>>> print(open('coords-v6.pdb').read())   # PDB, C-alpha atoms and all ligand atoms
ATOM      1  CA  MET A   1       9.934 -21.959  10.596  1.00  0.00           C
ATOM      2  CA  ASP A   2      11.476 -24.409   8.042  1.00  0.00           C
ATOM      3  CA  LYS A   3      15.237 -24.954   7.965  1.00  0.00           C
ATOM      4  CA  ASN A   4      15.974 -22.708   4.941  1.00  0.00           C
ATOM      5  CA  LYS A   5      14.017 -19.871   6.485  1.00  0.00           C
ATOM      6  CA  GLN A   6      15.769 -20.455   9.811  1.00  0.00           C
ATOM      7  CA  ASP A   7      19.203 -20.247   8.107  1.00  0.00           C
ATOM      8  CA  LEU A   8      18.270 -17.031   6.259  1.00  0.00           C
ATOM      9  CA  HIS A   9      16.877 -15.560   9.463  1.00  0.00           C
ATOM     10  CA  LYS A  10      20.106 -16.395  11.322  1.00  0.00           C
ATOM     11  CA  GLU A  11      22.275 -15.032   8.493  1.00  0.00           C
ATOM     12  CA  TYR A  12      20.330 -11.761   8.451  1.00  0.00           C
ATOM     13  CA  PHE A  13      20.615 -11.188  12.191  1.00  0.00           C
ATOM     14  CA  ASN A  14      24.325 -12.061  12.101  1.00  0.00           C
ATOM     15  CA  LEU A  15      24.824  -8.843  10.093  1.00  0.00           C
ATOM     16  CA  GLY A  16      24.648  -6.980  13.385  1.00  0.00           C
ATOM     17  CA  VAL A  17      23.069  -3.890  14.869  1.00  0.00           C
ATOM     18  CA  ALA A  18      24.176  -1.426  12.169  1.00  0.00           C
ATOM     19  CA  PHE A  19      22.157  -3.332   9.546  1.00  0.00           C
ATOM     20  CA  THR A  20      19.304  -4.842  11.508  1.00  0.00           C
ATOM     21  CA  GLY A  21      18.940  -2.732  14.655  1.00  0.00           C
ATOM     22  CA  VAL A  22      19.532  -5.938  16.612  1.00  0.00           C
ATOM     23  CA  PRO A  23      22.953  -6.902  18.051  1.00  0.00           C
ATOM     24  CA  SER A  24      24.353 -10.135  16.590  1.00  0.00           C
ATOM     25  CA  GLN A  25      25.529 -13.011  18.788  1.00  0.00           C
ATOM     26  CA  ASP A  26      29.113 -12.057  17.921  1.00  0.00           C
ATOM     27  CA  GLU A  27      28.572  -8.424  18.985  1.00  0.00           C
ATOM     28  CA  LEU A  28      27.013  -9.585  22.252  1.00  0.00           C
ATOM     29  CA  ALA A  29      29.857 -12.022  22.909  1.00  0.00           C
ATOM     30  CA  HIS A  30      32.335  -9.118  22.701  1.00  0.00           C
ATOM     31  CA  CYS A  31      30.188  -6.586  24.532  1.00  0.00           C
ATOM     32  CA  PRO A  32      31.807  -5.417  27.816  1.00  0.00           C
ATOM     33  CA  GLY A  33      28.384  -4.672  29.349  1.00  0.00           C
ATOM     34  CA  VAL A  34      27.069  -8.239  29.389  1.00  0.00           C
ATOM     35  CA  PRO A  35      27.304 -10.065  32.757  1.00  0.00           C
ATOM     36  CA  THR A  36      28.582 -13.605  33.186  1.00  0.00           C
ATOM     37  CA  GLU A  37      26.239 -16.537  33.728  1.00  0.00           C
ATOM     38  CA  MET A  38      27.752 -17.001  37.184  1.00  0.00           C
ATOM     39  CA  ARG A  39      26.882 -13.432  38.189  1.00  0.00           C
ATOM     40  CA  MET A  40      23.300 -13.805  36.912  1.00  0.00           C
ATOM     41  CA  GLN A  41      22.912 -16.872  39.126  1.00  0.00           C
ATOM     42  CA  HIS A  42      23.800 -14.792  42.159  1.00  0.00           C
ATOM     43  CA  GLY A  43      20.929 -12.323  41.707  1.00  0.00           C
ATOM     44  CA  ARG A  44      19.882  -9.156  39.946  1.00  0.00           C
ATOM     45  CA  VAL A  45      22.485  -7.639  37.654  1.00  0.00           C
ATOM     46  CA  ALA A  46      22.484  -5.118  34.818  1.00  0.00           C
ATOM     47  CA  CYS A  47      22.936  -6.344  31.254  1.00  0.00           C
ATOM     48  CA  ILE A  48      24.121  -3.471  29.048  1.00  0.00           C
ATOM     49  CA  GLU A  49      23.697  -4.488  25.412  1.00  0.00           C
ATOM     50  CA  CYS A  50      25.189  -1.298  24.009  1.00  0.00           C
ATOM     51  CA  VAL A  51      27.393  -2.387  21.109  1.00  0.00           C
ATOM     52  CA  GLN A  52      27.719   0.732  18.939  1.00  0.00           C
ATOM     53  CA  GLN A  53      30.342   3.331  19.667  1.00  0.00           C
ATOM     54  CA  ILE A  54      27.981   6.267  20.023  1.00  0.00           C
ATOM     55  CA  PRO A  55      28.620   9.541  21.899  1.00  0.00           C
ATOM     56  CA  CYS A  56      26.485   8.766  24.939  1.00  0.00           C
ATOM     57  CA  ASN A  57      27.194   8.256  28.641  1.00  0.00           C
ATOM     58  CA  PRO A  58      24.257   8.915  31.050  1.00  0.00           C
ATOM     59  CA  CYS A  59      24.431   5.330  32.317  1.00  0.00           C
ATOM     60  CA  GLU A  60      27.858   5.959  33.820  1.00  0.00           C
ATOM     61  CA  GLY A  61      26.608   8.934  35.887  1.00  0.00           C
ATOM     62  CA  LEU A  62      23.362   7.212  36.909  1.00  0.00           C
ATOM     63  CA  CYS A  63      25.110   4.320  38.604  1.00  0.00           C
ATOM     64  CA  LYS A  64      26.056   5.281  42.152  1.00  0.00           C
ATOM     65  CA  PHE A  65      27.878   2.016  42.718  1.00  0.00           C
ATOM     66  CA  GLY A  66      30.647   2.390  40.155  1.00  0.00           C
ATOM     67  CA  ALA A  67      29.286  -0.552  38.217  1.00  0.00           C
ATOM     68  CA  ILE A  68      29.354   1.200  34.813  1.00  0.00           C
ATOM     69  CA  THR A  69      32.359   2.970  33.354  1.00  0.00           C
ATOM     70  CA  ILE A  70      32.823   4.568  29.971  1.00  0.00           C
ATOM     71  CA  GLY A  71      35.872   6.687  30.635  1.00  0.00           C
ATOM     72  CA  GLU A  72      37.166   9.842  29.034  1.00  0.00           C
ATOM     73  CA  GLU A  73      36.395   8.858  25.461  1.00  0.00           C
ATOM     74  CA  ILE A  74      32.614   9.224  25.281  1.00  0.00           C
ATOM     75  CA  THR A  75      32.334   6.764  22.393  1.00  0.00           C
ATOM     76  CA  ASN A  76      33.817   3.916  24.459  1.00  0.00           C
ATOM     77  CA  LEU A  77      31.397   1.063  25.024  1.00  0.00           C
ATOM     78  CA  PRO A  78      30.025   1.018  28.605  1.00  0.00           C
ATOM     79  CA  LYS A  79      31.789  -1.568  30.715  1.00  0.00           C
ATOM     80  CA  LEU A  80      29.888  -3.403  33.437  1.00  0.00           C
ATOM     81  CA  HIS A  81      31.734  -4.158  36.690  1.00  0.00           C
ATOM     82  CA  GLU A  82      29.399  -6.945  37.645  1.00  0.00           C
ATOM     83  CA  ASP A  83      30.592  -7.382  41.207  1.00  0.00           C
ATOM     84  CA  ASN A  84      29.702  -3.736  41.977  1.00  0.00           C
ATOM     85  CA  CYS A  85      26.188  -3.977  40.543  1.00  0.00           C
ATOM     86  CA  VAL A  86      23.409  -4.334  43.113  1.00  0.00           C
ATOM     87  CA  GLY A  87      20.636  -4.631  40.523  1.00  0.00           C
ATOM     88  CA  CYS A  88      18.910  -1.430  41.696  1.00  0.00           C
ATOM     89  CA  GLY A  89      17.660  -0.738  38.147  1.00  0.00           C
ATOM     90  CA  LEU A  90      18.338   3.030  38.187  1.00  0.00           C
ATOM     91  CA  CYS A  91      20.165   2.796  34.889  1.00  0.00           C
ATOM     92  CA  VAL A  92      17.327   1.039  33.025  1.00  0.00           C
ATOM     93  CA  ALA A  93      14.889   3.904  32.411  1.00  0.00           C
ATOM     94  CA  GLY A  94      17.710   6.436  32.061  1.00  0.00           C
ATOM     95  CA  CYS A  95      19.284   4.834  29.004  1.00  0.00           C
ATOM     96  CA  PRO A  96      18.027   6.649  25.886  1.00  0.00           C
ATOM     97  CA  GLY A  97      18.941   3.640  23.753  1.00  0.00           C
ATOM     98  CA  LEU A  98      16.785   1.249  25.845  1.00  0.00           C
ATOM     99  CA  ALA A  99      19.843  -0.975  25.912  1.00  0.00           C
ATOM    100  CA  ILE A 100      19.866  -1.952  29.595  1.00  0.00           C
ATOM    101  CA  THR A 101      17.920  -4.717  31.324  1.00  0.00           C
ATOM    102  CA  ILE A 102      18.245  -6.346  34.752  1.00  0.00           C
ATOM    103  CA  LEU A 103      18.573 -10.124  34.704  1.00  0.00           C
ATOM    104  CA  ASP A 104      18.165 -12.546  37.612  1.00  0.00           C
ATOM    105  CA  ARG A 105      18.524 -16.311  37.502  1.00  0.00           C
ATOM    106  CA  SER A 106      18.132 -16.696  41.263  1.00  0.00           C
ATOM    107  CA  TYR A 107      14.359 -15.991  41.258  1.00  0.00           C
ATOM    108  CA  SER A 108      13.328 -19.667  41.365  1.00  0.00           C
ATOM    109  CA  GLU A 109      14.408 -23.025  40.045  1.00  0.00           C
ATOM    110  CA  ARG A 110      12.179 -22.768  36.973  1.00  0.00           C
ATOM    111  CA  GLU A 111      11.843 -19.049  36.430  1.00  0.00           C
ATOM    112  CA  ALA A 112      14.242 -16.164  35.934  1.00  0.00           C
ATOM    113  CA  THR A 113      13.314 -12.484  35.851  1.00  0.00           C
ATOM    114  CA  ILE A 114      14.051  -9.606  33.539  1.00  0.00           C
ATOM    115  CA  ASP A 115      13.402  -5.888  34.149  1.00  0.00           C
ATOM    116  CA  PHE A 116      13.132  -3.988  30.893  1.00  0.00           C
ATOM    117  CA  PRO A 117      12.212  -0.445  29.774  1.00  0.00           C
ATOM    118  CA  PHE A 118       8.828  -0.092  28.077  1.00  0.00           C
ATOM    119  CA  GLU A 119       7.585   3.062  26.372  1.00  0.00           C
ATOM    120  CA  TYR A 120       4.213   1.913  25.047  1.00  0.00           C
ATOM    121  CA  LEU A 121       0.696   2.229  26.423  1.00  0.00           C
ATOM    122  CA  PRO A 122      -1.261   0.476  27.706  1.00  0.00           C
ATOM    123  CA  LEU A 123       0.960  -0.861  30.430  1.00  0.00           C
ATOM    124  CA  PRO A 124       0.327  -4.442  31.554  1.00  0.00           C
ATOM    125  CA  ALA A 125      -1.288  -5.227  34.903  1.00  0.00           C
ATOM    126  CA  VAL A 126       0.665  -6.964  37.641  1.00  0.00           C
ATOM    127  CA  GLY A 127      -0.064 -10.690  37.409  1.00  0.00           C
ATOM    128  CA  ALA A 128      -0.939 -10.585  33.692  1.00  0.00           C
ATOM    129  CA  TRP A 129       0.471 -13.139  31.273  1.00  0.00           C
ATOM    130  CA  VAL A 130       1.988 -11.470  28.209  1.00  0.00           C
ATOM    131  CA  ASP A 131       3.968 -12.437  25.115  1.00  0.00           C
ATOM    132  CA  ALA A 132       7.686 -12.170  25.878  1.00  0.00           C
ATOM    133  CA  VAL A 133       9.726 -11.163  22.819  1.00  0.00           C
ATOM    134  CA  ASN A 134      13.351 -11.379  21.740  1.00  0.00           C
ATOM    135  CA  ARG A 135      15.660  -8.551  20.571  1.00  0.00           C
ATOM    136  CA  ALA A 136      13.979  -8.600  17.154  1.00  0.00           C
ATOM    137  CA  GLY A 137      10.484  -8.333  18.647  1.00  0.00           C
ATOM    138  CA  GLU A 138       9.606 -11.969  17.898  1.00  0.00           C
ATOM    139  CA  VAL A 139       7.479 -13.859  20.421  1.00  0.00           C
ATOM    140  CA  VAL A 140       9.554 -16.401  22.358  1.00  0.00           C
ATOM    141  CA  CYS A 141       7.383 -17.542  25.290  1.00  0.00           C
ATOM    142  CA  LYS A 142       4.872 -16.342  27.847  1.00  0.00           C
ATOM    143  CA  GLY A 143       5.947 -14.006  30.647  1.00  0.00           C
ATOM    144  CA  ARG A 144       4.227 -13.127  33.949  1.00  0.00           C
ATOM    145  CA  ILE A 145       4.283  -9.504  35.066  1.00  0.00           C
ATOM    146  CA  LEU A 146       5.657  -9.068  38.585  1.00  0.00           C
ATOM    147  CA  ARG A 147       6.049  -5.268  38.831  1.00  0.00           C
ATOM    148  CA  VAL A 148       5.371  -2.140  36.809  1.00  0.00           C
ATOM    149  CA  LEU A 149       7.355   0.896  37.905  1.00  0.00           C
ATOM    150  CA  LYS A 150       7.028   4.400  36.508  1.00  0.00           C
ATOM    151  CA  PRO A 151      10.086   6.355  37.643  1.00  0.00           C
ATOM    152  CA  GLU A 152       9.186  10.043  38.028  1.00  0.00           C
ATOM    153  CA  ALA A 153      12.460  11.146  36.478  1.00  0.00           C
ATOM    154  CA  TYR A 154      11.688   9.351  33.217  1.00  0.00           C
ATOM    155  CA  GLN A 155       8.073  10.085  32.417  1.00  0.00           C
ATOM    156  CA  GLY A 156       6.991   7.926  29.533  1.00  0.00           C
ATOM    157  CA  THR A 157       9.432   5.113  30.255  1.00  0.00           C
ATOM    158  CA  ALA A 158       8.123   2.425  32.569  1.00  0.00           C
ATOM    159  CA  VAL A 159      10.281  -0.364  33.945  1.00  0.00           C
ATOM    160  CA  ILE A 160       8.572  -3.732  33.897  1.00  0.00           C
ATOM    161  CA  CYS A 161       9.708  -6.807  35.788  1.00  0.00           C
ATOM    162  CA  MET A 162       8.633 -10.098  34.229  1.00  0.00           C
ATOM    163  CA  ALA A 163       9.159 -13.752  35.150  1.00  0.00           C
ATOM    164  CA  ILE A 164       9.998 -16.128  32.295  1.00  0.00           C
ATOM    165  CA  PRO A 165      11.218 -19.734  32.050  1.00  0.00           C
ATOM    166  CA  GLN A 166      14.939 -19.974  32.892  1.00  0.00           C
ATOM    167  CA  GLU A 167      15.815 -21.339  29.434  1.00  0.00           C
ATOM    168  CA  TYR A 168      14.751 -18.118  27.686  1.00  0.00           C
ATOM    169  CA  LEU A 169      16.611 -15.560  29.803  1.00  0.00           C
ATOM    170  CA  ASN A 170      19.353 -15.000  27.231  1.00  0.00           C
ATOM    171  CA  GLU A 171      16.772 -14.538  24.481  1.00  0.00           C
ATOM    172  CA  VAL A 172      13.876 -12.524  25.913  1.00  0.00           C
ATOM    173  CA  ARG A 173      14.385  -8.761  26.134  1.00  0.00           C
ATOM    174  CA  SER A 174      10.894  -7.227  26.235  1.00  0.00           C
ATOM    175  CA  MET A 175       7.166  -7.922  25.803  1.00  0.00           C
ATOM    176  CA  LYS A 176       4.799  -7.507  22.883  1.00  0.00           C
ATOM    177  CA  ARG A 177       2.715  -4.335  22.855  1.00  0.00           C
ATOM    178  CA  LEU A 178      -0.789  -4.799  24.216  1.00  0.00           C
ATOM    179  CA  PRO A 179      -3.919  -4.017  22.237  1.00  0.00           C
ATOM    180  CA  LYS A 180      -5.886  -0.958  23.392  1.00  0.00           C
ATOM    181  CA  GLN A 181      -8.766  -2.929  24.959  1.00  0.00           C
ATOM    182  CA  ASP A 182      -6.370  -4.303  27.602  1.00  0.00           C
ATOM    183  CA  ARG A 183      -5.736  -0.774  28.844  1.00  0.00           C
ATOM    184  CA  ARG A 184      -5.368  -0.676  32.607  1.00  0.00           C
ATOM    185  CA  GLU A 185      -5.906   3.024  33.218  1.00  0.00           C
TER
HETATM  186  S1  LIG B   1      21.438  -1.766  38.221  1.00  0.00           S
HETATM  187 FE1  LIG B   1      22.041  -0.148  39.677  1.00  0.00          FE
HETATM  188  S2  LIG B   1      24.023  -0.847  40.453  1.00  0.00           S
HETATM  189 FE2  LIG B   1      23.632  -2.024  38.591  1.00  0.00          FE
HETATM  190  S3  LIG B   1      24.599  -0.872  36.942  1.00  0.00           S
HETATM  191 FE3  LIG B   1      22.464  -0.170  37.024  1.00  0.00          FE
HETATM  192  S4  LIG B   1      22.482   1.631  38.375  1.00  0.00           S
HETATM  193 FE4  LIG B   1      24.428   0.506  38.696  1.00  0.00          FE
HETATM  194  S1  LIG B   2      23.104   5.365  28.289  1.00  0.00           S
HETATM  195 FE1  LIG B   2      22.493   3.540  27.125  1.00  0.00          FE
HETATM  196  S2  LIG B   2      22.883   4.043  24.971  1.00  0.00           S
HETATM  197 FE2  LIG B   2      24.027   5.540  26.226  1.00  0.00          FE
HETATM  198  S3  LIG B   2      26.065   4.595  26.462  1.00  0.00           S
HETATM  199 FE3  LIG B   2      24.864   3.974  28.236  1.00  0.00          FE
HETATM  200  S4  LIG B   2      24.002   1.979  27.640  1.00  0.00           S
HETATM  201 FE4  LIG B   2      24.694   2.970  25.745  1.00  0.00          FE
END
>>> encode(input="coords-v6.pdb", output="structure tokens")
Amino acid sequence: MDKNKQDLHKEYFNLGVAFTGVPSQDELAHCPGVPTEMRMQHGRVACIECVQQIPCNPCEGLCKFGAITIGEEITNLPKLHEDNCVGCGLCVAGCPGLAITILDRSYSEREATIDFPFEYLPLPAVGAWVDAVNRAGEVVCKGRILRVLKPEAYQGTAVICMAIPQEYLNEVRSMKRLPKQDRRE
């Protein structure tokens, strides 16, 4: 992408989630659900990129560890208590906004992992290399599939765990849909 296009692209996404469907860097910086870098280095932790004050709160009830609070006002943004989070992932498939991922920088020196919700078929196979995408659905790098879980309680929403290079952990949030011929089942 040339520099002018890059600037326009950045300007557009700085408008924020209400205009683009993608949270801006400013919205993420002020989001109470985003964990610190230090916590991510210590192992799996939820990253709740919920930046719109919508009437929604299942994440709070799903977490049995008191790691997510919304409080009495249902439009409050969910707050992550990162030291309480054990990275179990129960909140990921239960978020109707697909706003929660699990991040882990402790996986290896070169690779970090992300667990993300995925509602498309076909699902990838364990071990497959896929295109990892950012919040806007743009391809960022290659990712390696480590696990594909299909929680019974959330039929239709799989939770996929993918390894990616450490440097892209703050950018990658999902994977590109697979073409039909790669169908696994
Ligand atoms: S990953 Fe588990 S412990 Fe962490 S916020 Fe989600 S449900 Fe709670
Ligand atoms: S369940 Fe998801 S969309 Fe609803 S408040 Fe929690 S993080 Fe936001």
>>> residues_near_ligand(input="coords-v6.pdb", ligand="ligand LIG 2 (chain B)", cutoff="12 Å", atoms="only C-alpha atoms and all ligand atoms", output="PyMOL selection string")
chain A and resi 31-34+46-63+67-71+73-80+90-101+117
>>> resolve_selection(input="coords-v6.pdb", expression="the PyMOL selection byres (((chain A and resi 6-12) around 12) and not hetatm)", output="mmCIF file with C-alpha atoms, in the frame of the given file")
data_model
loop_
_atom_site.group_PDB
_atom_site.id
_atom_site.type_symbol
_atom_site.label_atom_id
_atom_site.label_comp_id
_atom_site.auth_asym_id
_atom_site.auth_seq_id
_atom_site.Cartn_x
_atom_site.Cartn_y
_atom_site.Cartn_z
ATOM 1 C CA MET A 1 9.934 -21.959 10.596
ATOM 2 C CA ASP A 2 11.476 -24.409 8.042
ATOM 3 C CA LYS A 3 15.237 -24.954 7.965
ATOM 4 C CA ASN A 4 15.974 -22.708 4.941
ATOM 5 C CA LYS A 5 14.017 -19.871 6.485
ATOM 6 C CA PHE A 13 20.615 -11.188 12.191
ATOM 7 C CA ASN A 14 24.325 -12.061 12.101
ATOM 8 C CA LEU A 15 24.824 -8.843 10.093
ATOM 9 C CA GLY A 16 24.648 -6.980 13.385
ATOM 10 C CA VAL A 17 23.069 -3.890 14.869
ATOM 11 C CA ALA A 18 24.176 -1.426 12.169
ATOM 12 C CA PHE A 19 22.157 -3.332 9.546
ATOM 13 C CA THR A 20 19.304 -4.842 11.508
ATOM 14 C CA GLY A 21 18.940 -2.732 14.655
ATOM 15 C CA VAL A 22 19.532 -5.938 16.612
ATOM 16 C CA PRO A 23 22.953 -6.902 18.051
ATOM 17 C CA SER A 24 24.353 -10.135 16.590
ATOM 18 C CA GLN A 25 25.529 -13.011 18.788
ATOM 19 C CA ASP A 26 29.113 -12.057 17.921
ATOM 20 C CA ALA A 136 13.979 -8.600 17.154
ATOM 21 C CA GLU A 138 9.606 -11.969 17.898
#
>>> resolve_selection(input="coords-v6.pdb", expression="the PyMOL selection byres (((chain A and resi 44) around 12) and not hetatm)", output="VMD selection string")
chain A and resid 35 to 43 45 to 47 82 to 89 101 to 107 112 to 115 161
>>> atom_distance(input="coords-v6.pdb", atom1="CA of Leu28 in chain A", atom2="CA of Phe118 in chain A")
21.3 Å
>>> resolve_selection(input="coords-v6.pdb", expression="the PyMOL selection byres (((chain A and resi 167-175) around 6) and not hetatm)", output="list of chain:residue names")
A:Asp131, A:Ala132, A:Val133, A:Asn134, A:Arg135, A:Pro165, A:Gln166, A:Lys176
>>> atom_distance(input="coords-v6.pdb", atom1="atom FE4 of ligand LIG 1 (chain B)", atom2="CA of Leu149 in chain A")
17.1 Å
>>> atom_distance(input="coords-v6.pdb", atom1="CA of Leu146 in chain A", atom2="CA of Glu109 in chain A")
16.5 Å
>>> axis_aligned_box(input="coords-v6.pdb", around="ligand LIG 1 (chain B)", padding_each_side="4 Å", output="AutoDock Vina command-line options")
--center_x 23.0 --center_y -0.2 --center_z 38.7 --size_x 11.2 --size_y 11.7 --size_z 11.5
>>> closest_residue(input="coords-v6.pdb", among="A:Ala29, A:Phe116, A:Arg147, A:Glu72", to="ligand LIG 1 (chain B)", atoms="only C-alpha atoms and all ligand atoms")
A:Phe116
>>> closest_residue(input="coords-v6.pdb", among="A:Leu178, A:Gly127, A:His30, A:Tyr120", to="Thr157 in chain A", atoms="all atoms listed in the file")
A:Tyr120
>>> residues_near_point(input="coords-v6.pdb", point="(-3.0, 2.6, 24.4)", cutoff="6 Å", atoms="only C-alpha atoms", output="VMD selection string")
chain A and resid 121 to 122 180
>>> closest_residue(input="coords-v6.pdb", among="A:Ala153, A:Arg110, A:Pro179, A:Val159", to="Val130 in chain A", atoms="all atoms listed in the file")
A:Pro179
>>> build_atoms(input="coords-v6.pdb", residues="range 30-49 of chain A", atoms="N, CA and C atoms", output="compact mmCIF listing (two decimals), keeping the file's coordinate frame")
# COMPACT_ATOMS: atom_id res chain seq x y z
N HIS A 30 31.21 -10.02 22.46
CA HIS A 30 32.34 -9.12 22.70
C HIS A 30 31.93 -7.84 23.43
N CYS A 31 30.69 -7.80 23.90
CA CYS A 31 30.19 -6.59 24.53
C CYS A 31 30.62 -6.54 26.01
N PRO A 32 31.30 -5.47 26.43
CA PRO A 32 31.81 -5.42 27.82
C PRO A 32 30.72 -5.15 28.86
N GLY A 33 29.47 -4.96 28.40
CA GLY A 33 28.38 -4.67 29.35
C GLY A 33 27.56 -5.90 29.73
N VAL A 34 27.88 -7.04 29.14
CA VAL A 34 27.07 -8.24 29.39
C VAL A 34 27.64 -9.02 30.58
N PRO A 35 26.80 -9.34 31.58
CA PRO A 35 27.30 -10.06 32.76
C PRO A 35 27.56 -11.54 32.47
N THR A 36 28.32 -12.17 33.33
CA THR A 36 28.58 -13.60 33.19
C THR A 36 27.39 -14.41 33.71
N GLU A 37 27.29 -15.63 33.25
CA GLU A 37 26.24 -16.54 33.73
C GLU A 37 26.33 -16.69 35.25
N MET A 38 27.56 -16.78 35.75
CA MET A 38 27.75 -17.00 37.18
C MET A 38 27.17 -15.83 37.99
N ARG A 39 27.40 -14.60 37.48
CA ARG A 39 26.88 -13.43 38.19
C ARG A 39 25.35 -13.41 38.16
N MET A 40 24.77 -13.79 37.01
CA MET A 40 23.30 -13.80 36.91
C MET A 40 22.69 -14.79 37.90
N GLN A 41 23.43 -15.87 38.18
CA GLN A 41 22.91 -16.87 39.13
C GLN A 41 22.93 -16.36 40.56
N HIS A 42 23.71 -15.32 40.80
CA HIS A 42 23.80 -14.79 42.16
C HIS A 42 22.77 -13.71 42.44
N GLY A 43 21.96 -13.33 41.45
CA GLY A 43 20.93 -12.32 41.71
C GLY A 43 20.95 -11.22 40.67
N ARG A 44 20.13 -10.21 40.93
CA ARG A 44 19.88 -9.16 39.95
C ARG A 44 21.17 -8.46 39.51
N VAL A 45 21.30 -8.30 38.20
CA VAL A 45 22.48 -7.64 37.65
C VAL A 45 22.13 -6.98 36.32
N ALA A 46 22.75 -5.82 36.08
CA ALA A 46 22.48 -5.12 34.82
C ALA A 46 23.10 -5.86 33.64
N CYS A 47 22.42 -5.79 32.51
CA CYS A 47 22.94 -6.34 31.25
C CYS A 47 22.88 -5.20 30.24
N ILE A 48 24.05 -4.68 29.88
CA ILE A 48 24.12 -3.47 29.05
C ILE A 48 24.48 -3.89 27.63
N GLU A 49 23.46 -4.01 26.78
CA GLU A 49 23.70 -4.49 25.41
C GLU A 49 23.87 -3.29 24.48
